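Worksheet: one structure, shown below.
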There are 2 protein chains.
Amino acid sequence: MTNKLTLSLKEAIIKSGLRDGMTVSFHHHLRNGDYVLNMVMQEIADLGIKNLTVNASSLFDIHKPLCGHIQNGVVTTLMTNYMSAGIGKFISEGGMSNPVQFRTHGGRPSDIVSGNTPIDVAFIAAPASDAMGNCSGKYGKSACGSLGYAIPDAMNAGHVVVITDELVPYPLIDWSISEVYVDSVVKVDSIGNPAGIVSGTTKITRDPVGIEMAMRAADVIKASGLLKDGFSFQTGAGGASLAAAKFLRETMVREKIHGSFGLGGITGFLTEMLEDGCFESLMDVQCFDLKAVESIKNNPRHKEISALHYASPLAKSAVVDSLDVVILGATEIDTDFNVNVHTDSNGFIMGGSGGHSDTAAGAKLSIIIAPLSRARLPIVTDRVNCISTPGSTVDVLVTQKGTAVNPRRPELADRLKDAGVKVIDIHELKALAERISGKPERIRKGGRVVANVIYRDGTVIDRIYSVPTEIE
Amino acid sequence: MTNKLTLSLKEAIIKSGLRDGMTVSFHHHLRNGDYVLNMVMQEIADLGIKNLTVNASSLFDIHKPLCGHIQNGVVTTLMTNYMSAGIGKFISEGGMSNPVQFRTHGGRPSDIVSGNTPIDVAFIAAPASDAMGNCSGKYGKSACGSLGYAIPDAMNAGHVVVITDELVPYPLIDWSISEVYVDSVVKVDSIGNPAGIVSGTTKITRDPVGIEMAMRAADVIKASGLLKDGFSFQTGAGGASLAAAKFLRETMVREKIHGSFGLGGITGFLTEMLEDGCFESLMDVQCFDLKAVESIKNNPRHKEISALHYASPLAKSAVVDSLDVVILGATEIDTDFNVNVHTDSNGFIMGGSGGHSDTAAGAKLSIIIAPLSRARLPIVTDRVNCISTPGSTVDVLVTQKGTAVNPRRPELADRLKDAGVKVIDIHELKALAERISGKPERIRKGGRVVANVIYRDGTVIDRIYSVPTEIE
């Protein structure tokens, strides 16, 4: 064997043996800058292949051409963990016959490894690769950092095509995916738009409501008893979550608390906490900004992990199982603490679980941070329109007006009260939200199931219905 | 889940569900210092479990208590890639009913991954581990460096027990094997004797015959046209092979030749070549000495690889497929260039393929370095007593008296001659050997097959017979 270089993407697809009815997979580390999914799907469409299943770890609005392939019958089944609003609207309006299968970042690799959702051909967008397929996200003009979500795909697919815009000499020793799993390597001009791949910096909120919630969340963590040496933490890239991390950091630096690890999608802010000694290491399944990409490349204590290692319930253990605290968002939360992150207040799909329900299930303390209302609609309701994360795994809701503790955790409520945190019943928060924004009208559901929400254990936890059009 | 710590090895074995007739596996990175195989087999014997298959990547004389477990019926099938002379003698004298299954370092992981030789319980001797099973060979008092041969076992076994004498805080981020694959972790006082795990330094030969062969081997490599920028190289820890590396290094440094990678079992000498700029990286499946252990721990360009990545013919590619030159030894070589590394001149087992036939098959140029005779017995013969590596994959034989090129490689012979290398027909080398040491008597073979030599593609390439006792 000399090498695996294939002259064109078309040739690589033909070589893969892809045919009607098969499954192709993609990962989302290039986020809204990704060129690869569209490039591959267009070649597949041009080859006349139909009736495919697309299994993508997430989909962004740059992938809207996918809607055309759905309409043309090239794609008939869609599996993903997250979908941004542009594609979500298409699905919610009934653009696809088969319901979308939403999974979680931990459930998806479980279903791949177990053979429930076999992948015939995995397409790996790799910012750097050698000619044998040892590839990485850390190097090259389209560097995105971790390739964590792509690893289970590469390890389990029947055929693996690496697509790169930076071919490096063999061997690329700092591989995310090794040549052991790769069938062919295709060099293209560009795999993505750097401006869309990572944001320059993720920013801490300046909104007073966000700051208020962040302070309250930090107080909950301090009062929980978990903020001590060995502390581990995950938070998203949202402004209020980052602000909560900022308050934690100040406490940790001041009190010389040395945590064990930061987890998840990693922001520059967490890399600063690593450098400050707040954490011993970062476990990174996806980089959110340029600073995180630089850090994972240069700091050996900032480590790439696969989606399996991150959150899979099938793994013998995953990092989420050792996580102390996670701060998460919500588009809605109900009085049973069920959380919706799939649909907006009009019922349109605009998100997905990602790692939401995985980390909520794994962490010792899962905190939802959400304002009482958004755009004059209450966030705390009797019943969420879609259960993304079951209330049994959610411990605390923090709003700008008060903090509610899940009645399943009376010892936690006591602990918070003892520390001076004002704990309110979640029904009071709901009433308060309705006093401010009025009682929301129940969303009218259309007649069709457009998506199934598959919980990390493989059960369908909820169904998402079409949004009725004017005519319906 | 809090953690996977199990109070005792006995408890871990019981928890694993091990029962009669199953397969257990071990790796050999602790070499002749390993305490773990004996410790585990004794507990298993004490539990009364019988009729087991032991699949060990290699066996050393420290593992001689295994012979007792064979005699007692605890172990009835043995699979390994290498066996040192103490255990070899026991097998050759007919100590075991079932023939030993010898595989190669590449063939073994292939058969594990494909399910041909499934592992029920893998026991991983880990110099450092956290309580969830993220473990490494680089740290701890029993540090051995790479855990490359253990990785396929851990990834594919039904149940995985990590045995460590150094428990570190979670997460051990520089893992060789991640928690994803580990069921339980057992802390013991000591997993091995450091003096037996790695030698202090591996030494270059001072023997004039060895030096002569080394110079000739280096000349062959220089004449081959492969010694240029991008050059890749593997050699063993034998004195003459290291001396050949020394001559190569001098040339590379003088002529500013920048190679791509050094491969294999890694010695301190190769780490010096890395530091000198002779190689861009080292790909390490096993560390042979303390200097190599220090290097893999501290030098990010010195990289651990799994046995699958090293040499597996089932992998979509392995590093051996990209290897330029390998220097290998032989106990015998015949005029068809078949090589024996399994048995000694009396027919006793005292070795095994290890990576011999994998690298010979993969490398562009495979060189056997061997003296014409040892202990007054000719090394070059009409027919080796055991074919470990088929002559079709061997390119050159270098002896102290001349160099023979496989007739399958006429273009290589021409190239060497053009460069001034004196090329002799291998039959002349055989005649010369017999003139020096006399024609060897054919070894008398006993009536029983005591071992099958399974080539990397899964076919039985040769059988090893019992050595007749006086009575027979």
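Just so we're on the same page: first chain in the structure tokens is A, next is B, and so on; residues restart at 1 for each chain, and ligands are numbered from 1 in the order they show up.
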* To do: Might you pull out every residue within 12 Å of Glu441 in chain A, with only C-alpha atoms counted and same-chain residues fewer than 3 positions away left off, and present them as a list of chain:residue names?
  =>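 Near neighbours after the sequence-gap exclusion: A:Ser345, A:Asn346, A:Gly347, A:Leu377, A:Pro378, A:Thr381, A:Asp382, A:Asn385, A:Glu434, A:Ser437, A:Gly438, A:Arg444, A:Lys445.
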Same residues, all heavy atoms, saved as a CSV table (one decimal), in the first residue's frame:
chain,number,residue,atom,x,y,z
A,345,SER,N,-41.0,28.7,21.5
A,345,SER,CA,-42.3,29.0,22.1
A,345,SER,C,-43.5,28.8,21.1
A,345,SER,O,-44.6,28.7,21.5
A,345,SER,CB,-42.3,30.3,22.8
A,345,SER,OG,-41.9,31.3,21.9
A,346,ASN,N,-43.1,28.8,19.9
A,346,ASN,CA,-44.2,28.5,18.9
A,346,ASN,C,-44.2,27.1,18.4
A,346,ASN,O,-44.9,26.7,17.5
A,346,ASN,CB,-44.0,29.4,17.7
A,346,ASN,CG,-44.1,30.9,18.0
A,346,ASN,OD1,-45.1,31.3,18.7
A,346,ASN,ND2,-43.1,31.7,17.7
A,347,GLY,N,-43.4,26.2,19.0
A,347,GLY,CA,-43.4,24.8,18.7
A,347,GLY,C,-42.4,24.4,17.6
A,347,GLY,O,-42.4,23.3,17.1
A,377,LEU,N,-42.9,35.7,27.0
A,377,LEU,CA,-43.6,34.4,27.2
A,377,LEU,C,-42.9,33.7,28.4
A,377,LEU,O,-41.7,33.7,28.6
A,377,LEU,CB,-43.4,33.5,26.0
A,377,LEU,CG,-44.3,33.8,24.8
A,377,LEU,CD1,-43.8,33.1,23.6
A,377,LEU,CD2,-45.7,33.4,25.1
A,378,PRO,N,-43.7,33.2,29.4
A,378,PRO,CA,-43.2,32.6,30.5
A,378,PRO,C,-42.3,31.3,30.2
A,378,PRO,O,-42.7,30.6,29.2
A,378,PRO,CB,-44.4,32.2,31.4
A,378,PRO,CG,-45.6,32.4,30.6
A,378,PRO,CD,-45.2,33.1,29.3
A,381,THR,N,-43.5,26.6,33.2
A,381,THR,CA,-44.9,26.3,32.7
A,381,THR,C,-45.4,25.0,33.5
A,381,THR,O,-44.6,24.4,34.2
A,381,THR,CB,-44.9,26.0,31.2
A,381,THR,OG1,-44.2,24.8,31.0
A,381,THR,CG2,-44.4,27.1,30.4
A,382,ASP,N,-46.6,24.7,33.2
A,382,ASP,CA,-47.2,23.5,33.8
A,382,ASP,C,-46.6,22.3,33.1
A,382,ASP,O,-46.4,21.3,33.8
A,382,ASP,CB,-48.7,23.5,33.6
A,382,ASP,CG,-49.5,24.4,34.5
A,382,ASP,OD1,-49.0,24.5,35.7
A,382,ASP,OD2,-50.4,25.0,34.1
A,385,ASN,N,-43.6,21.8,26.2
A,385,ASN,CA,-44.1,21.3,24.9
A,385,ASN,C,-43.3,20.1,24.4
A,385,ASN,O,-43.8,19.3,23.6
A,385,ASN,CB,-44.1,22.4,23.9
A,385,ASN,CG,-45.2,23.4,24.1
A,385,ASN,OD1,-46.4,23.0,24.0
A,385,ASN,ND2,-44.9,24.6,24.5
A,434,GLU,N,-46.1,33.9,35.3
A,434,GLU,CA,-47.4,34.2,34.6
A,434,GLU,C,-47.9,35.6,35.0
A,434,GLU,O,-48.6,36.3,34.3
A,434,GLU,CB,-48.4,33.1,35.0
A,434,GLU,CG,-48.1,31.8,34.3
A,434,GLU,CD,-49.1,30.7,34.6
A,434,GLU,OE1,-50.0,30.9,35.5
A,434,GLU,OE2,-48.9,29.6,34.1
A,437,SER,N,-45.8,37.8,32.6
A,437,SER,CA,-46.0,37.6,31.1
A,437,SER,C,-47.4,37.1,30.7
A,437,SER,O,-47.7,37.0,29.5
A,437,SER,CB,-45.0,36.7,30.6
A,437,SER,OG,-43.7,37.0,31.0
A,438,GLY,N,-48.2,36.8,31.7
A,438,GLY,CA,-49.5,36.3,31.3
A,438,GLY,C,-49.4,34.8,31.1
A,438,GLY,O,-48.3,34.2,30.9
A,444,ARG,N,-50.8,25.1,19.5
A,444,ARG,CA,-51.5,24.2,18.7
A,444,ARG,C,-50.6,23.3,18.0
A,444,ARG,O,-49.6,23.7,17.4
A,444,ARG,CB,-52.3,25.0,17.6
A,444,ARG,CG,-53.6,25.6,18.2
A,444,ARG,CD,-54.6,26.0,17.0
A,444,ARG,NE,-53.8,26.7,16.0
A,444,ARG,CZ,-54.0,26.5,14.7
A,444,ARG,NH1,-54.8,25.6,14.2
A,444,ARG,NH2,-53.3,27.3,13.8
A,445,LYS,N,-50.8,22.0,18.1
A,445,LYS,CA,-50.0,21.0,17.5
A,445,LYS,C,-50.6,20.5,16.2
A,445,LYS,O,-51.8,20.3,16.1
A,445,LYS,CB,-49.8,19.8,18.4
A,445,LYS,CG,-48.9,20.0,19.6
A,445,LYS,CD,-48.6,18.8,20.4
A,445,LYS,CE,-47.6,19.1,21.5
A,445,LYS,NZ,-47.4,18.0,22.5
* **Selection: 7 Å around range 306-309 of chain A, only C-alpha atoms, excl. self and same-chain fewer than 2 positions, as a PyMOL selection string** => (chain A and resi 105-106+109+148-149+151-152+285+304+311-312+315+318-319) or (chain B and resi 180)
Once you have the residues from the selection above, write them out as an mmCIF file, in the first residue's frame, restricted to C-alpha atoms.
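Below is the file again08.cif, written as the result:
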data_model
loop_
_atom_site.group_PDB
_atom_site.id
_atom_site.type_symbol
_atom_site.label_atom_id
_atom_site.label_comp_id
_atom_site.auth_asym_id
_atom_site.auth_seq_id
_atom_site.Cartn_x
_atom_site.Cartn_y
_atom_site.Cartn_z
ATOM 1 C CA HIS A 105 -24.366 13.264 22.410
ATOM 2 C CA GLY A 106 -23.989 10.191 24.617
ATOM 3 C CA PRO A 109 -22.315 6.855 20.021
ATOM 4 C CA GLY A 148 -14.523 14.035 19.756
ATOM 5 C CA TYR A 149 -17.888 13.440 18.074
ATOM 6 C CA ILE A 151 -14.280 9.297 16.763
ATOM 7 C CA PRO A 152 -17.066 6.735 17.321
ATOM 8 C CA VAL A 285 -15.290 16.849 23.172
ATOM 9 C CA GLU A 304 -9.464 15.549 23.599
ATOM 10 C CA ALA A 311 -21.187 10.802 27.789
ATOM 11 C CA SER A 312 -22.084 7.355 26.521
ATOM 12 C CA ALA A 315 -19.453 2.844 27.982
ATOM 13 C CA ALA A 318 -17.992 8.055 30.864
ATOM 14 C CA VAL A 319 -16.671 11.337 32.199
ATOM 15 C CA VAL B 180 -14.736 3.482 28.587
#
* May I have the residues within 8 Å of Met83 in chain B as a list in words, using only C-alpha atoms and disregarding those fewer than 6 positions away in the same chain? => Ser58, Leu59, Phe60, Ile349, Met350, Gly351 and Gly352 of chain B
* Nearest candidate to chain A (options B:Ala361, B:Ala243, B:Cys287, B:Ala126; using only C-alpha atoms) ->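 Under the stated criterion, the closest residue is B:Ala361.
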* To do: Kindly provide, as a VMD selection string, the residues of chain A having any atom no farther than 9 Å from an atom of chain B, counting only C-alpha atoms.
  => chain A and resid 1 to 3 132 to 133 169 to 171 173 to 174 178 to 183 230 260 to 261 280 to 283 300 to 303 308 to 309 312 314 to 319 321 to 322 362
Prev. selection, C-alpha atoms, output as a PDB file, in the first residue's frame:
ATOM      1  CA  MET A   1       0.000   0.000   0.000  1.00  0.00           C
ATOM      2  CA  THR A   2       1.457   3.372  -0.901  1.00  0.00           C
ATOM      3  CA  ASN A   3      -1.212   5.647   0.491  1.00  0.00           C
ATOM      4  CA  MET A 132      -2.834   7.246   5.407  1.00  0.00           C
ATOM      5  CA  GLY A 133      -5.641   8.944   7.342  1.00  0.00           C
ATOM      6  CA  PRO A 169       3.682  14.360   6.012  1.00  0.00           C
ATOM      7  CA  TYR A 170       3.231  10.851   7.414  1.00  0.00           C
ATOM      8  CA  PRO A 171       2.896  10.196  10.283  1.00  0.00           C
ATOM      9  CA  ILE A 173       1.452  11.627  15.358  1.00  0.00           C
ATOM     10  CA  ASP A 174      -1.049  13.701  17.310  1.00  0.00           C
ATOM     11  CA  SER A 178      -5.811   6.810  13.451  1.00  0.00           C
ATOM     12  CA  GLU A 179      -5.170   5.281  10.039  1.00  0.00           C
ATOM     13  CA  VAL A 180      -6.353   1.959  11.451  1.00  0.00           C
ATOM     14  CA  TYR A 181      -9.931   3.063  10.737  1.00  0.00           C
ATOM     15  CA  VAL A 182      -9.542   5.091   7.531  1.00  0.00           C
ATOM     16  CA  ASP A 183     -10.157   3.808   3.990  1.00  0.00           C
ATOM     17  CA  GLY A 230     -11.318  17.921  43.208  1.00  0.00           C
ATOM     18  CA  SER A 260     -10.036  18.213  38.995  1.00  0.00           C
ATOM     19  CA  PHE A 261     -11.507  18.806  35.539  1.00  0.00           C
ATOM     20  CA  GLU A 280      -6.099  20.095  36.826  1.00  0.00           C
ATOM     21  CA  SER A 281      -7.306  19.282  33.320  1.00  0.00           C
ATOM     22  CA  LEU A 282      -9.921  19.900  30.658  1.00  0.00           C
ATOM     23  CA  MET A 283     -11.743  17.026  28.961  1.00  0.00           C
ATOM     24  CA  PRO A 300      -1.117  18.785  27.362  1.00  0.00           C
ATOM     25  CA  ARG A 301      -3.513  19.101  30.285  1.00  0.00           C
ATOM     26  CA  HIS A 302      -6.253  20.058  27.819  1.00  0.00           C
ATOM     27  CA  LYS A 303      -7.253  16.672  26.453  1.00  0.00           C
ATOM     28  CA  LEU A 308     -18.169   7.743  23.953  1.00  0.00           C
ATOM     29  CA  HIS A 309     -15.772   8.788  26.697  1.00  0.00           C
ATOM     30  CA  SER A 312     -22.084   7.355  26.521  1.00  0.00           C
ATOM     31  CA  LEU A 314     -23.080   2.182  27.045  1.00  0.00           C
ATOM     32  CA  ALA A 315     -19.453   2.844  27.982  1.00  0.00           C
ATOM     33  CA  LYS A 316     -18.275   1.056  31.106  1.00  0.00           C
ATOM     34  CA  SER A 317     -18.054   4.599  32.407  1.00  0.00           C
ATOM     35  CA  ALA A 318     -17.992   8.055  30.864  1.00  0.00           C
ATOM     36  CA  VAL A 319     -16.671  11.337  32.199  1.00  0.00           C
ATOM     37  CA  ASP A 321     -20.500   9.860  35.486  1.00  0.00           C
ATOM     38  CA  SER A 322     -17.750  11.581  37.500  1.00  0.00           C
ATOM     39  CA  GLY A 362     -24.452  12.114  35.204  1.00  0.00           C
TER      40      GLY A 362
END
* Which of range 65-253 of chain A counts as strand (DSSP E or B) under DSSP, as a ChimeraX atom specification please? -> /A:75-80,83,100-102,104,121-126,128-129,135-136,159-164,167,177,184-187,192,199,232-235
* To do: Rank B:Lys297, B:Glu332, B:Val209, B:Ala12 by their smallest atom-to-atom distance to Lys401 in chain B, using only C-alpha atoms, and report the top residue only.
  =>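 Among the listed residues, B:Val209 lies closest to Lys401 in chain B.
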* To do: Just the residues within 9 Å of Arg206 in chain B, please, counting only C-alpha atoms, with nothing from its chain fewer than 5 positions along; format it as a VMD selection string.
  => chain B and resid 211 239 to 240 243
* Which residues come within 8 Å of Val396 in chain A, counting only C-alpha atoms, excluding same-chain residues fewer than 3 positions away, as a ChimeraX atom specification? -> /A:365-368,403-406
* Skipping near chain neighbours, those fewer than 5 positions away, what residues fall within 7 Å of Phe26 in chain A using only C-alpha atoms, listed as a ChimeraX atom specification? -> /A:37,55-57,122-124
* Asked: Which of these, A:Thr335, A:Glu428, A:Leu263, A:Gly447, has the shortest distance to Ser392 in chain A once you count only C-alpha atoms?
  ->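 Closest candidate: A:Thr335.
All residues of protein, DNA or RNA that reach within 12 Å of Asp336 in chain B, judged by only C-alpha atoms and not counting those fewer than 3 positions away in the chain, are B:Glu332, B:Ile333, B:Val339, B:Asn340, B:Val380, B:Thr381, B:Asp382, B:Arg383, B:Val384, B:Ile387, B:Thr389, B:Pro390, B:Gly391, B:Ser392, B:Thr393, B:Val394, B:Asp395, B:Val396, B:Leu397, B:Ala404, B:Val405, B:Asn406, B:Pro407, B:Arg408, B:Asp425, B:Ile426, B:His427, B:Lys430.
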* Mind the document's chain letters and residue numbers, and return as a VMD selection string the residues of range 68-204 of chain B that DSSP labels alpha helix (DSSP H). => chain B and resid 68 to 71 85 to 92 107 to 113 150 to 156 194 to 197
* Separation of CA of Ala330 in chain A from CA of Lys203 in chain A in Å ->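 These two atoms are separated by 18.9 Å.
Here CA of Thr77 in chain B stands at a distance of 13.3 Å from CA of Pro118 in chain B.
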